[in-house]
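Printed here is data-v1.cif (mmCIF, C-alpha atoms):
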data_coords
loop_
_atom_site.group_PDB
_atom_site.id
_atom_site.type_symbol
_atom_site.label_atom_id
_atom_site.label_comp_id
_atom_site.auth_asym_id
_atom_site.auth_seq_id
_atom_site.Cartn_x
_atom_site.Cartn_y
_atom_site.Cartn_z
ATOM 1 C CA MET A 1 -3.306 30.621 8.296
ATOM 2 C CA GLN A 2 -7.033 29.916 8.265
ATOM 3 C CA GLU A 3 -8.424 27.775 11.094
ATOM 4 C CA ILE A 4 -11.505 25.604 10.577
ATOM 5 C CA ARG A 5 -13.408 24.665 13.727
ATOM 6 C CA LYS A 6 -17.033 24.033 12.755
ATOM 7 C CA SER A 7 -17.935 20.368 12.270
ATOM 8 C CA ILE A 8 -20.295 18.316 10.148
ATOM 9 C CA TYR A 9 -21.747 14.857 10.810
ATOM 10 C CA THR A 10 -22.712 14.039 7.210
ATOM 11 C CA PHE A 11 -20.952 14.463 3.864
ATOM 12 C CA THR A 12 -23.480 15.836 1.352
ATOM 13 C CA LYS A 13 -23.227 17.265 -2.143
ATOM 14 C CA ASP A 14 -24.808 20.546 -1.045
ATOM 15 C CA MET A 15 -22.897 21.190 2.193
ATOM 16 C CA GLU A 16 -22.398 24.835 3.033
ATOM 17 C CA PRO A 17 -18.649 25.570 3.160
ATOM 18 C CA VAL A 18 -17.343 27.147 6.347
ATOM 19 C CA ALA A 19 -14.163 28.442 4.697
ATOM 20 C CA ARG A 20 -12.586 28.914 1.279
ATOM 21 C CA ALA A 21 -8.993 28.298 0.187
ATOM 22 C CA LYS A 22 -7.022 28.977 -2.956
ATOM 23 C CA ASN A 23 -5.065 26.361 -4.873
ATOM 24 C CA GLY A 24 -1.874 25.677 -2.900
ATOM 25 C CA GLU A 25 -3.087 27.298 0.327
ATOM 26 C CA VAL A 26 -2.252 25.915 3.785
ATOM 27 C CA VAL A 27 -5.143 25.499 6.230
ATOM 28 C CA LYS A 28 -5.482 24.263 9.831
ATOM 29 C CA PHE A 29 -8.366 22.016 10.913
ATOM 30 C CA ILE A 30 -9.284 22.019 14.634
ATOM 31 C CA ILE A 31 -10.702 18.568 15.327
ATOM 32 C CA LYS A 32 -12.863 17.122 18.108
ATOM 33 C CA ASP A 33 -12.514 13.485 19.157
ATOM 34 C CA CYS A 34 -14.746 10.912 17.477
ATOM 35 C CA PHE A 35 -17.145 10.840 20.437
ATOM 36 C CA ASP A 36 -17.644 14.609 20.239
ATOM 37 C CA GLY A 37 -16.567 14.855 23.873
ATOM 38 C CA GLN A 38 -19.190 12.378 25.118
ATOM 39 C CA ILE A 39 -16.559 10.022 26.585
ATOM 40 C CA LYS A 40 -15.009 12.024 29.419
ATOM 41 C CA SER A 41 -13.650 9.319 31.725
ATOM 42 C CA GLU A 42 -13.176 5.575 32.049
ATOM 43 C CA LYS A 43 -16.616 5.411 33.672
ATOM 44 C CA ASP A 44 -18.248 6.316 30.343
ATOM 45 C CA ILE A 45 -18.953 3.471 27.897
ATOM 46 C CA THR A 46 -20.026 3.505 24.265
ATOM 47 C CA THR A 47 -23.628 2.420 24.908
ATOM 48 C CA GLU A 48 -24.096 5.892 26.393
ATOM 49 C CA VAL A 49 -22.909 7.645 23.219
ATOM 50 C CA ASP A 50 -25.330 9.390 20.865
ATOM 51 C CA TRP A 51 -23.961 7.966 17.623
ATOM 52 C CA HIS A 52 -25.766 10.619 15.593
ATOM 53 C CA HIS A 53 -23.232 13.014 17.112
ATOM 54 C CA SER A 54 -20.113 10.938 16.550
ATOM 55 C CA ASN A 55 -17.183 11.293 14.172
ATOM 56 C CA PRO A 56 -17.482 15.079 13.778
ATOM 57 C CA ALA A 57 -15.454 16.259 10.797
ATOM 58 C CA ALA A 58 -14.138 19.823 10.686
ATOM 59 C CA GLY A 59 -15.196 21.607 7.514
ATOM 60 C CA PRO A 60 -16.150 21.614 4.789
ATOM 61 C CA LEU A 61 -13.505 23.652 3.008
ATOM 62 C CA TYR A 62 -14.299 25.008 -0.453
ATOM 63 C CA VAL A 63 -11.207 24.932 -2.682
ATOM 64 C CA GLU A 64 -11.414 27.614 -5.344
ATOM 65 C CA GLY A 65 -10.945 26.294 -8.853
ATOM 66 C CA ALA A 66 -11.777 22.675 -8.024
ATOM 67 C CA GLU A 67 -14.293 21.419 -10.573
ATOM 68 C CA VAL A 68 -16.088 18.156 -11.211
ATOM 69 C CA GLY A 69 -13.639 15.748 -12.862
ATOM 70 C CA ASP A 70 -10.591 17.186 -11.095
ATOM 71 C CA VAL A 71 -8.627 15.628 -8.235
ATOM 72 C CA LEU A 72 -7.873 17.323 -4.917
ATOM 73 C CA ALA A 73 -4.398 16.706 -3.462
ATOM 74 C CA VAL A 74 -4.206 17.077 0.322
ATOM 75 C CA ASP A 75 -0.699 17.170 1.792
ATOM 76 C CA ILE A 76 -0.699 16.298 5.497
ATOM 77 C CA LEU A 77 1.882 18.741 6.819
ATOM 78 C CA ASP A 78 1.376 18.192 10.538
ATOM 79 C CA ILE A 79 -0.833 16.398 13.060
ATOM 80 C CA SER A 80 -0.857 17.265 16.756
ATOM 81 C CA VAL A 81 -3.033 15.562 19.347
ATOM 82 C CA ALA A 82 -4.189 16.224 22.910
ATOM 83 C CA ASP A 83 -2.469 14.727 25.931
ATOM 84 C CA ARG A 84 -5.147 12.127 26.659
ATOM 85 C CA GLY A 85 -7.331 9.819 24.600
ATOM 86 C CA PHE A 86 -9.649 6.853 25.078
ATOM 87 C CA VAL A 87 -9.971 3.367 23.625
ATOM 88 C CA CYS A 88 -13.328 1.638 24.000
ATOM 89 C CA THR A 89 -15.111 -1.532 23.011
ATOM 90 C CA VAL A 90 -18.126 -0.999 20.762
ATOM 91 C CA PRO A 91 -21.181 -3.297 20.900
ATOM 92 C CA GLU A 92 -21.532 -5.772 18.007
ATOM 93 C CA CYS A 93 -18.340 -4.504 16.385
ATOM 94 C CA GLY A 94 -15.362 -6.654 15.481
ATOM 95 C CA PRO A 95 -14.313 -10.275 16.015
ATOM 96 C CA PHE A 96 -14.175 -10.034 19.829
ATOM 97 C CA ALA A 97 -17.583 -8.444 20.401
ATOM 98 C CA GLU A 98 -19.306 -11.596 21.696
ATOM 99 C CA LYS A 99 -16.938 -12.017 24.662
ATOM 100 C CA ALA A 100 -15.365 -8.598 25.238
ATOM 101 C CA GLU A 101 -16.843 -6.482 28.024
ATOM 102 C CA LEU A 102 -17.991 -2.947 27.421
ATOM 103 C CA ARG A 103 -15.010 -0.989 28.722
ATOM 104 C CA THR A 104 -13.189 2.331 28.341
ATOM 105 C CA ASN A 105 -9.488 2.867 28.974
ATOM 106 C CA GLY A 106 -7.719 6.218 29.094
ATOM 107 C CA LEU A 107 -4.177 6.574 27.763
ATOM 108 C CA ARG A 108 -1.697 9.442 28.110
ATOM 109 C CA VAL A 109 0.181 11.011 25.211
ATOM 110 C CA GLU A 110 3.367 12.787 26.187
ATOM 111 C CA GLY A 111 6.621 13.579 24.400
ATOM 112 C CA GLY A 112 5.694 11.576 21.317
ATOM 113 C CA LYS A 113 4.921 8.460 23.351
ATOM 114 C CA ILE A 114 1.756 6.700 24.481
ATOM 115 C CA TYR A 115 1.491 5.571 28.097
ATOM 116 C CA TRP A 116 -0.996 2.903 29.127
ATOM 117 C CA ASP A 117 -0.372 3.370 32.817
ATOM 118 C CA LYS A 118 -2.811 0.632 33.813
ATOM 119 C CA HIS A 119 -0.488 -1.974 32.300
ATOM 120 C CA ASN A 120 2.831 -0.105 32.542
ATOM 121 C CA MET A 121 3.133 -0.058 28.740
ATOM 122 C CA VAL A 122 4.841 2.594 26.576
ATOM 123 C CA TRP A 123 5.140 2.835 22.789
ATOM 124 C CA PRO A 124 5.623 5.576 20.162
ATOM 125 C CA ALA A 125 2.624 7.706 19.229
ATOM 126 C CA ALA A 126 1.567 7.576 15.581
ATOM 127 C CA PRO A 127 -1.079 10.293 15.083
ATOM 128 C CA MET A 128 -3.341 9.652 12.091
ATOM 129 C CA ILE A 129 -6.587 10.847 10.518
ATOM 130 C CA GLY A 130 -9.525 8.438 10.519
ATOM 131 C CA VAL A 131 -12.115 10.508 8.634
ATOM 132 C CA ILE A 132 -11.123 12.577 5.617
ATOM 133 C CA GLY A 133 -12.915 13.106 2.347
ATOM 134 C CA THR A 134 -14.645 15.287 -0.197
ATOM 135 C CA ALA A 135 -18.342 15.631 -0.955
ATOM 136 C CA PRO A 136 -20.111 12.745 -2.697
ATOM 137 C CA ASP A 137 -22.276 13.495 -5.712
ATOM 138 C CA GLY A 138 -24.963 10.976 -4.768
ATOM 139 C CA GLU A 139 -26.630 10.044 -1.501
ATOM 140 C CA ASP A 140 -25.623 11.628 1.773
ATOM 141 C CA MET A 141 -22.877 9.806 3.689
ATOM 142 C CA PRO A 142 -22.625 10.113 7.488
ATOM 143 C CA THR A 143 -19.094 10.897 8.604
ATOM 144 C CA ALA A 144 -18.966 7.483 10.328
ATOM 145 C CA PHE A 145 -19.387 5.826 6.905
ATOM 146 C CA VAL A 146 -16.749 5.066 4.294
ATOM 147 C CA GLY A 147 -17.223 5.360 0.535
ATOM 148 C CA ASN A 148 -15.631 6.362 -2.759
ATOM 149 C CA HIS A 149 -15.506 9.962 -1.499
ATOM 150 C CA GLY A 150 -13.319 8.907 1.447
ATOM 151 C CA GLY A 151 -14.942 9.422 4.830
ATOM 152 C CA ASN A 152 -14.290 7.005 7.685
ATOM 153 C CA MET A 153 -11.497 5.096 5.932
ATOM 154 C CA ASP A 154 -9.497 4.615 9.157
ATOM 155 C CA ASN A 155 -6.277 4.148 7.218
ATOM 156 C CA ALA A 156 -3.489 4.084 9.823
ATOM 157 C CA MET A 157 -1.051 5.369 7.194
ATOM 158 C CA ILE A 158 -2.738 8.772 6.855
ATOM 159 C CA GLN A 159 -0.087 10.458 8.969
ATOM 160 C CA LYS A 160 2.149 13.509 8.746
ATOM 161 C CA GLY A 161 4.136 13.575 5.511
ATOM 162 C CA VAL A 162 1.736 11.740 3.182
ATOM 163 C CA ARG A 163 -0.427 13.048 0.365
ATOM 164 C CA MET A 164 -4.044 12.065 -0.165
ATOM 165 C CA TRP A 165 -5.737 12.327 -3.545
ATOM 166 C CA PHE A 166 -9.535 12.667 -3.689
ATOM 167 C CA PRO A 167 -11.930 12.745 -6.636
ATOM 168 C CA VAL A 168 -13.735 16.081 -6.993
ATOM 169 C CA ARG A 169 -17.414 15.334 -7.540
ATOM 170 C CA VAL A 170 -18.908 18.727 -6.662
ATOM 171 C CA GLU A 171 -17.668 22.252 -7.253
ATOM 172 C CA GLY A 172 -15.113 23.288 -4.645
ATOM 173 C CA ALA A 173 -14.481 19.667 -3.575
ATOM 174 C CA LEU A 174 -15.759 20.420 -0.017
ATOM 175 C CA LEU A 175 -13.029 18.821 2.094
ATOM 176 C CA ALA A 176 -13.655 17.802 5.712
ATOM 177 C CA MET A 177 -11.727 15.705 8.226
ATOM 178 C CA GLY A 178 -11.881 14.365 11.780
ATOM 179 C CA ASP A 179 -11.613 11.202 13.913
ATOM 180 C CA LEU A 180 -7.986 11.584 14.966
ATOM 181 C CA HIS A 181 -6.139 8.733 16.669
ATOM 182 C CA ALA A 182 -2.923 8.898 18.687
ATOM 183 C CA ALA A 183 -2.409 5.369 17.358
ATOM 184 C CA MET A 184 -4.571 2.797 15.599
ATOM 185 C CA GLY A 185 -3.952 -0.754 14.442
ATOM 186 C CA ASP A 186 -4.881 -2.057 11.003
ATOM 187 C CA GLY A 187 -8.512 -3.165 11.058
ATOM 188 C CA GLU A 188 -9.354 -1.205 14.237
ATOM 189 C CA VAL A 189 -10.790 -4.502 15.424
ATOM 190 C CA CYS A 190 -12.600 -3.257 18.560
ATOM 191 C CA GLY A 191 -14.054 -0.288 16.707
ATOM 192 C CA CYS A 192 -11.709 2.259 18.299
ATOM 193 C CA GLY A 193 -8.144 3.438 18.123
ATOM 194 C CA ILE A 194 -6.920 5.881 20.747
ATOM 195 C CA GLU A 195 -9.682 8.404 20.094
ATOM 196 C CA ILE A 196 -8.420 11.928 20.643
ATOM 197 C CA ALA A 197 -8.840 15.599 19.756
ATOM 198 C CA GLY A 198 -6.183 17.617 17.947
ATOM 199 C CA GLU A 199 -5.198 19.754 14.998
ATOM 200 C CA VAL A 200 -4.202 19.017 11.399
ATOM 201 C CA ILE A 201 -2.367 21.335 9.005
ATOM 202 C CA VAL A 202 -2.759 20.574 5.306
ATOM 203 C CA ARG A 203 -1.998 22.063 1.903
ATOM 204 C CA VAL A 204 -4.704 21.734 -0.743
ATOM 205 C CA SER A 205 -3.859 21.596 -4.462
ATOM 206 C CA ILE A 206 -5.829 20.850 -7.608
ATOM 207 C CA LEU A 207 -5.015 18.411 -10.404
ATOM 208 C CA LYS A 208 -7.191 19.221 -13.409
ATOM 209 C CA ASN A 209 -9.092 16.645 -15.462
ATOM 210 C CA PHE A 210 -7.858 13.366 -13.990
ATOM 211 C CA LYS A 211 -10.079 10.338 -13.475
ATOM 212 C CA LEU A 212 -9.955 8.881 -9.975
ATOM 213 C CA ASN A 213 -12.603 6.466 -8.716
ATOM 214 C CA TRP A 214 -11.387 5.965 -5.136
ATOM 215 C CA PRO A 215 -9.211 8.002 -2.759
ATOM 216 C CA LEU A 216 -5.515 7.377 -3.275
ATOM 217 C CA LEU A 217 -2.799 7.587 -0.614
ATOM 218 C CA GLU A 218 0.727 8.511 -1.718
ATOM 219 C CA THR A 219 3.711 7.980 0.573
ATOM 220 C CA LYS A 220 7.380 8.531 -0.150
ATOM 221 C CA ASP A 221 7.673 4.995 -1.518
ATOM 222 C CA ALA A 222 4.242 3.732 -2.594
ATOM 223 C CA TYR A 223 0.649 4.330 -3.690
ATOM 224 C CA TYR A 224 -2.464 2.846 -2.056
ATOM 225 C CA VAL A 225 -6.035 2.811 -3.356
ATOM 226 C CA ASN A 226 -8.539 3.001 -0.495
ATOM 227 C CA ALA A 227 -11.660 1.030 -1.372
ATOM 228 C CA ARG A 228 -14.787 -0.126 0.434
ATOM 229 C CA GLY A 229 -17.090 -3.102 0.041
ATOM 230 C CA ALA A 230 -19.975 -4.776 1.834
ATOM 231 C CA THR A 231 -17.474 -7.560 2.556
ATOM 232 C CA CYS A 232 -13.695 -7.671 2.800
ATOM 233 C CA ASP A 233 -13.561 -9.502 -0.534
ATOM 234 C CA GLU A 234 -15.580 -6.802 -2.277
ATOM 235 C CA ALA A 235 -13.416 -4.025 -0.838
ATOM 236 C CA ILE A 236 -10.199 -5.750 -1.903
ATOM 237 C CA HIS A 237 -11.552 -6.471 -5.392
ATOM 238 C CA SER A 238 -12.559 -2.833 -5.931
ATOM 239 C CA GLY A 239 -9.114 -1.672 -4.823
ATOM 240 C CA TYR A 240 -7.342 -4.072 -7.157
ATOM 241 C CA VAL A 241 -9.460 -2.977 -10.127
ATOM 242 C CA GLU A 242 -8.752 0.721 -9.572
ATOM 243 C CA LEU A 243 -5.028 0.239 -8.952
ATOM 244 C CA HIS A 244 -4.813 -1.952 -12.080
ATOM 245 C CA ARG A 245 -6.343 0.883 -14.117
ATOM 246 C CA LEU A 246 -3.913 3.477 -12.739
ATOM 247 C CA ILE A 247 -0.840 1.273 -13.260
ATOM 248 C CA SER A 248 -1.831 0.284 -16.794
ATOM 249 C CA GLN A 249 -2.411 3.942 -17.682
ATOM 250 C CA ALA A 250 0.837 5.269 -16.188
ATOM 251 C CA TYR A 251 3.205 2.461 -17.171
ATOM 252 C CA GLU A 252 1.574 1.683 -20.547
ATOM 253 C CA LEU A 253 1.179 -2.017 -19.804
ATOM 254 C CA ASP A 254 -1.565 -4.137 -21.339
ATOM 255 C CA TYR A 255 -4.200 -5.767 -19.165
ATOM 256 C CA THR A 256 -2.419 -9.064 -18.620
ATOM 257 C CA ASP A 257 1.032 -7.651 -17.938
ATOM 258 C CA THR A 258 -0.509 -5.190 -15.476
ATOM 259 C CA ALA A 259 -2.130 -8.118 -13.660
ATOM 260 C CA MET A 260 1.214 -9.936 -13.566
ATOM 261 C CA TYR A 261 2.988 -6.822 -12.307
ATOM 262 C CA MET A 262 0.488 -6.442 -9.483
ATOM 263 C CA SER A 263 0.931 -10.092 -8.573
ATOM 264 C CA ILE A 264 4.652 -9.493 -7.943
ATOM 265 C CA GLN A 265 4.484 -5.885 -6.706
ATOM 266 C CA GLY A 266 1.177 -5.682 -4.850
ATOM 267 C CA LEU A 267 0.567 -4.541 -1.271
ATOM 268 C CA LEU A 268 -2.559 -5.231 0.783
ATOM 269 C CA SER A 269 -3.638 -4.111 4.276
ATOM 270 C CA ALA A 270 -6.840 -3.579 6.219
ATOM 271 C CA ASN A 271 -8.036 -0.084 6.989
ATOM 272 C CA GLN A 272 -11.337 -0.457 8.867
ATOM 273 C CA ALA A 273 -12.347 -4.110 8.794
ATOM 274 C CA CYS A 274 -14.896 -4.299 11.603
ATOM 275 C CA LEU A 275 -17.606 -1.879 10.515
ATOM 276 C CA VAL A 276 -21.149 -3.140 10.697
ATOM 277 C CA GLU A 277 -22.929 -3.348 7.352
ATOM 278 C CA GLN A 278 -25.076 -0.307 8.077
ATOM 279 C CA ALA A 279 -21.934 1.847 8.301
ATOM 280 C CA GLY A 280 -20.801 1.145 4.769
ATOM 281 C CA GLY A 281 -18.871 -2.106 5.024
ATOM 282 C CA ASP A 282 -15.165 -2.805 5.229
ATOM 283 C CA SER A 283 -12.265 -0.711 3.926
ATOM 284 C CA PHE A 284 -8.934 -1.952 2.594
ATOM 285 C CA ARG A 285 -5.910 -0.350 0.971
ATOM 286 C CA VAL A 286 -4.406 -1.966 -2.110
ATOM 287 C CA GLY A 287 -0.960 -0.655 -2.967
ATOM 288 C CA THR A 288 2.165 -0.888 -5.069
ATOM 289 C CA PRO A 289 5.709 0.456 -4.614
ATOM 290 C CA LYS A 290 6.834 3.376 -6.743
ATOM 291 C CA VAL A 291 8.966 2.531 -9.780
ATOM 292 C CA LEU A 292 12.013 4.782 -10.030
ATOM 293 C CA ASN A 293 12.310 4.764 -13.816
ATOM 294 C CA LYS A 294 8.605 5.221 -14.569
ATOM 295 C CA LYS A 295 6.410 8.289 -14.363
ATOM 296 C CA PRO A 296 4.199 8.636 -11.260
ATOM 297 C CA LEU A 297 0.736 7.115 -11.203
ATOM 298 C CA ILE A 298 -0.503 10.630 -10.427
ATOM 299 C CA SER A 299 1.308 13.950 -10.058
ATOM 300 C CA LEU A 300 0.737 17.692 -9.761
ATOM 301 C CA ASP A 301 3.703 18.347 -12.096
#
Write out the structure in this file as structure tokens.
Amino acid sequence: MQEIRKSIYTFTKDMEPVARAKNGEVVKFIIKDCFDGQIKSEKDITTEVDWHHSNPAAGPLYVEGAEVGDVLAVDILDISVADRGFVCTVPECGPFAEKAELRTNGLRVEGGKIYWDKHNMVWPAAPMIGVIGTAPDGEDMPTAFVGNHGGNMDNAMIQKGVRMWFPVRVEGALLAMGDLHAAMGDGEVCGCGIEIAGEVIVRVSILKNFKLNWPLLETKDAYYVNARGATCDEAIHSGYVELHRLISQAYELDYTDTAMYMSIQGLLSANQACLVEQAGGDSFRVGTPKVLNKKPLISLD
């Protein structure tokens, strides 16, 4: 199995790939924590971080046969994380920024559980990928940003066992990922989950000639469009529009019936809802349950 260790800090359309994979190949990404190792103890705070060297994403991976207009399917086969991570407050980030002190807390990860020893708290670990995406075809996007290529979506549902679908906008797709969390709440309201290093094993597959405007998450039971906007309202609206298009296309419903269906079968959650405007805005996931007697919204079959 190939291992990808080199990292990028910006998604660009002309990134140099560090590895190549065939359709259906399994690859391992070795991932640094989002601070690139700059937070080493609870004495370190985020004002000391060089944010130009944050959110390193391992890659990019060139997928042979992926062409503009295709979709790249990324099956998350496994996520493993280190035995210690950090949660920090970030200046001017989130609804608590005015009153919250700048602080760093270390938490242990052991045996599938998270231990916040300071408060004698224990809960299950839920490792997930914060940054994952393909190359954009327009302006460069720092890995800390979120966009229609993916990037820093911070979707807490991107865990082992799900499939992500990404639009291919440049030859080879150029997949990269990073920003692992041992656990993260919806919204990531202080600007951090439990930031941690680790490894991710994925399978990459190509769906030819399928229109996809935003990254799509597929779980066992549902689909979720991951959209971004300058405001929460804009992000949610963009997600609804894209999901409406996919449902109408797959289920052969007209515009109005699709809208009605979404009104009774819609799902909505925050991904990253505390990003400052300069970092691309807010990200939400707009979803719908799978329908057993209808064809999938998207499929490799």
Open item on the list: Here is a test: counting all atoms listed in the file, which residue of A:Leu175, A:Ile114, A:Val18, A:Val27 is nearest to A:Gln2?
Closed with: A:Val27
Open item on the list: For A:Ala176, find every residue with an atom within 6 Å (counting all atoms listed in the file), except residues of its own chain fewer than 6 positions away, and show them as a ChimeraX atom specification.
Closed with: /A:57-60,132-133
Give me the residues of stretch 157-202 of chain A that have any atom at most 9 Å from an atom of stretch 208-229 of chain A; for each, the nearest atom pair and the distance in Å, rounded to one decimal. Use all atoms listed in the file, sort by chain and number, and format it as JSON lines.
{"residue": "A:Met157", "atom": "CA", "partner": "A:Leu217", "partner_atom": "CA", "distance": 8.3}
{"residue": "A:Ile158", "atom": "CA", "partner": "A:Leu217", "partner_atom": "CA", "distance": 7.6}
{"residue": "A:Gly161", "atom": "CA", "partner": "A:Thr219", "partner_atom": "CA", "distance": 7.5}
{"residue": "A:Val162", "atom": "CA", "partner": "A:Thr219", "partner_atom": "CA", "distance": 5.0}
{"residue": "A:Arg163", "atom": "CA", "partner": "A:Glu218", "partner_atom": "CA", "distance": 5.1}
{"residue": "A:Met164", "atom": "CA", "partner": "A:Leu217", "partner_atom": "CA", "distance": 4.7}
{"residue": "A:Trp165", "atom": "CA", "partner": "A:Leu216", "partner_atom": "CA", "distance": 5.0}
{"residue": "A:Phe166", "atom": "CA", "partner": "A:Pro215", "partner_atom": "CA", "distance": 4.8}
{"residue": "A:Pro167", "atom": "CA", "partner": "A:Leu212", "partner_atom": "CA", "distance": 5.5}
{"residue": "A:Val168", "atom": "CA", "partner": "A:Leu212", "partner_atom": "CA", "distance": 8.7}
Open item on the list: Can you pull out the residues contacting A:Asn55? Cut-off 7 Å, using all atoms listed in the file, and skip same-chain residues under 3 positions away; I want them as a PyMOL selection string.
Closed with: chain A and resi 9+34-36+143-144+178-179
TODO: Have a look at atom CA of A:Thr134 and atom CA of A:Ile30 and let me know their distance in Å, one decimal.
DONE: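 Computing it gives 17.1 Å between the two atoms.
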Edge lengths and centre in Å to one decimal, as lines of an AutoDock Vina configuration file, is what I'm after for the box along x, y and z that holds all listed atoms of stretch 190-200 of chain A once 8 Å is added on each side.
center_x = -9.1
center_y = 8.2
center_z = 16.1
size_x = 25.9
size_y = 39.0
size_z = 25.3
- [ ] Scan for residues within 12 Å of the point (-5.1, 5.1, 8.8) in the coordinates of the file, using only C-alpha atoms, and reply as a ChimeraX atom specification.
- [x] /A:126-132,150-160,162,164,178-188,192-193,217,224,226,269-273,283-285
Task: Atom pair atom CA of A:Asp33 / atom CA of A:His53: separation (Å) - done: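 Calculated distance between atom CA of A:Asp33 and atom CA of A:His53 is 10.9 Å.
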Task: Explicit residues for the PyMOL selection byres ((chain A and resi 79) around 7) (as a list of chain:residue names) - done: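 Taken on the displayed file, the PyMOL selection byres ((chain A and resi 79) around 7) yields the residues A:Asp78, A:Ser80, A:Val81, A:Pro127, A:Lys160, A:Glu199, A:Val200, A:Ile201.
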TODO: Go through A:Thr12, A:Gln249, A:Asn23, A:Ser54 one by one, measure the shortest atom-to-atom distance of each to A:Ile206 using only C-alpha atoms, and give the residue with the smallest value.
DONE: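 Looking only at the distances to A:Ile206, the closest residue turns out to be A:Asn23.
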- [ ] Might you spell out which residues the PyMOL selection byres ((chain A and resi 117) around 10) would select in the displayed file, as number ranges by chain?
- [x] A: 105-108, 114-116, 118-122
Open item on the list: Between atom CA of A:Arg169 and atom CA of A:Gly69, what distance in Å does the model show, to one decimal?
Closed with: 6.5 Å
TODO: Quick one: everything within 9 Å of A:Val170, counting all atoms listed in the file, minus sequence neighbours fewer than 4 positions away in the same chain. Send it as a PyMOL selection string.
DONE: chain A and resi 13-14+66-69+134-137+174
Task: Pick from A:Leu292, A:Ile39, A:Ile298, A:Leu72 nearest to A:Arg245, counting only C-alpha atoms - done: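 Closest candidate: A:Ile298.
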Open item on the list: I'd like to see the residues matched by the PyMOL selection byres ((chain A and resi 94) around 12) on this file, and ideally I'd get them as an MDAnalysis selection string.
Closed with: chainID A and resid 89:93 95:100 187:192 272:277 281:282
Can I get the selection written as a compact mmCIF listing (two decimals), in the frame of the given file, with C-alpha atoms?
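Result saved to part_12.txt:
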# COMPACT_ATOMS: atom_id res chain seq x y z
CA THR A 89 -15.11 -1.53 23.01
CA VAL A 90 -18.13 -1.00 20.76
CA PRO A 91 -21.18 -3.30 20.90
CA GLU A 92 -21.53 -5.77 18.01
CA CYS A 93 -18.34 -4.50 16.39
CA PRO A 95 -14.31 -10.28 16.02
CA PHE A 96 -14.18 -10.03 19.83
CA ALA A 97 -17.58 -8.44 20.40
CA GLU A 98 -19.31 -11.60 21.70
CA LYS A 99 -16.94 -12.02 24.66
CA ALA A 100 -15.36 -8.60 25.24
CA GLY A 187 -8.51 -3.16 11.06
CA GLU A 188 -9.35 -1.20 14.24
CA VAL A 189 -10.79 -4.50 15.42
CA CYS A 190 -12.60 -3.26 18.56
CA GLY A 191 -14.05 -0.29 16.71
CA CYS A 192 -11.71 2.26 18.30
CA GLN A 272 -11.34 -0.46 8.87
CA ALA A 273 -12.35 -4.11 8.79
CA CYS A 274 -14.90 -4.30 11.60
CA LEU A 275 -17.61 -1.88 10.52
CA VAL A 276 -21.15 -3.14 10.70
CA GLU A 277 -22.93 -3.35 7.35
CA GLY A 281 -18.87 -2.11 5.02
CA ASP A 282 -15.16 -2.80 5.23
Open item on the list: Could you list, as number ranges by chain, every residue within 12 Å of A:Val291, counting all atoms listed in the file and ignoring same-chain residues fewer than 3 positions away?
Closed with: A: 220-223, 247, 250-251, 261, 265, 288, 294-297
Mind dumping a table of every stretch 82-142 of chain A residue within 7 Å of stretch 44-52 of chain A, with the nearest atom pair and its distance in Å to one decimal, using all atoms listed in the file, sorted by chain and rising number, as CSV?
residue,atom,partner,partner_atom,distance
A:Cys88,CA,A:Thr46,CA,7.0
A:Val90,CA,A:Thr46,CA,6.0
A:Leu102,CA,A:Ile45,CA,6.5
A:Arg103,CA,A:Ile45,CA,6.0
A:Thr104,CA,A:Ile45,CA,5.9
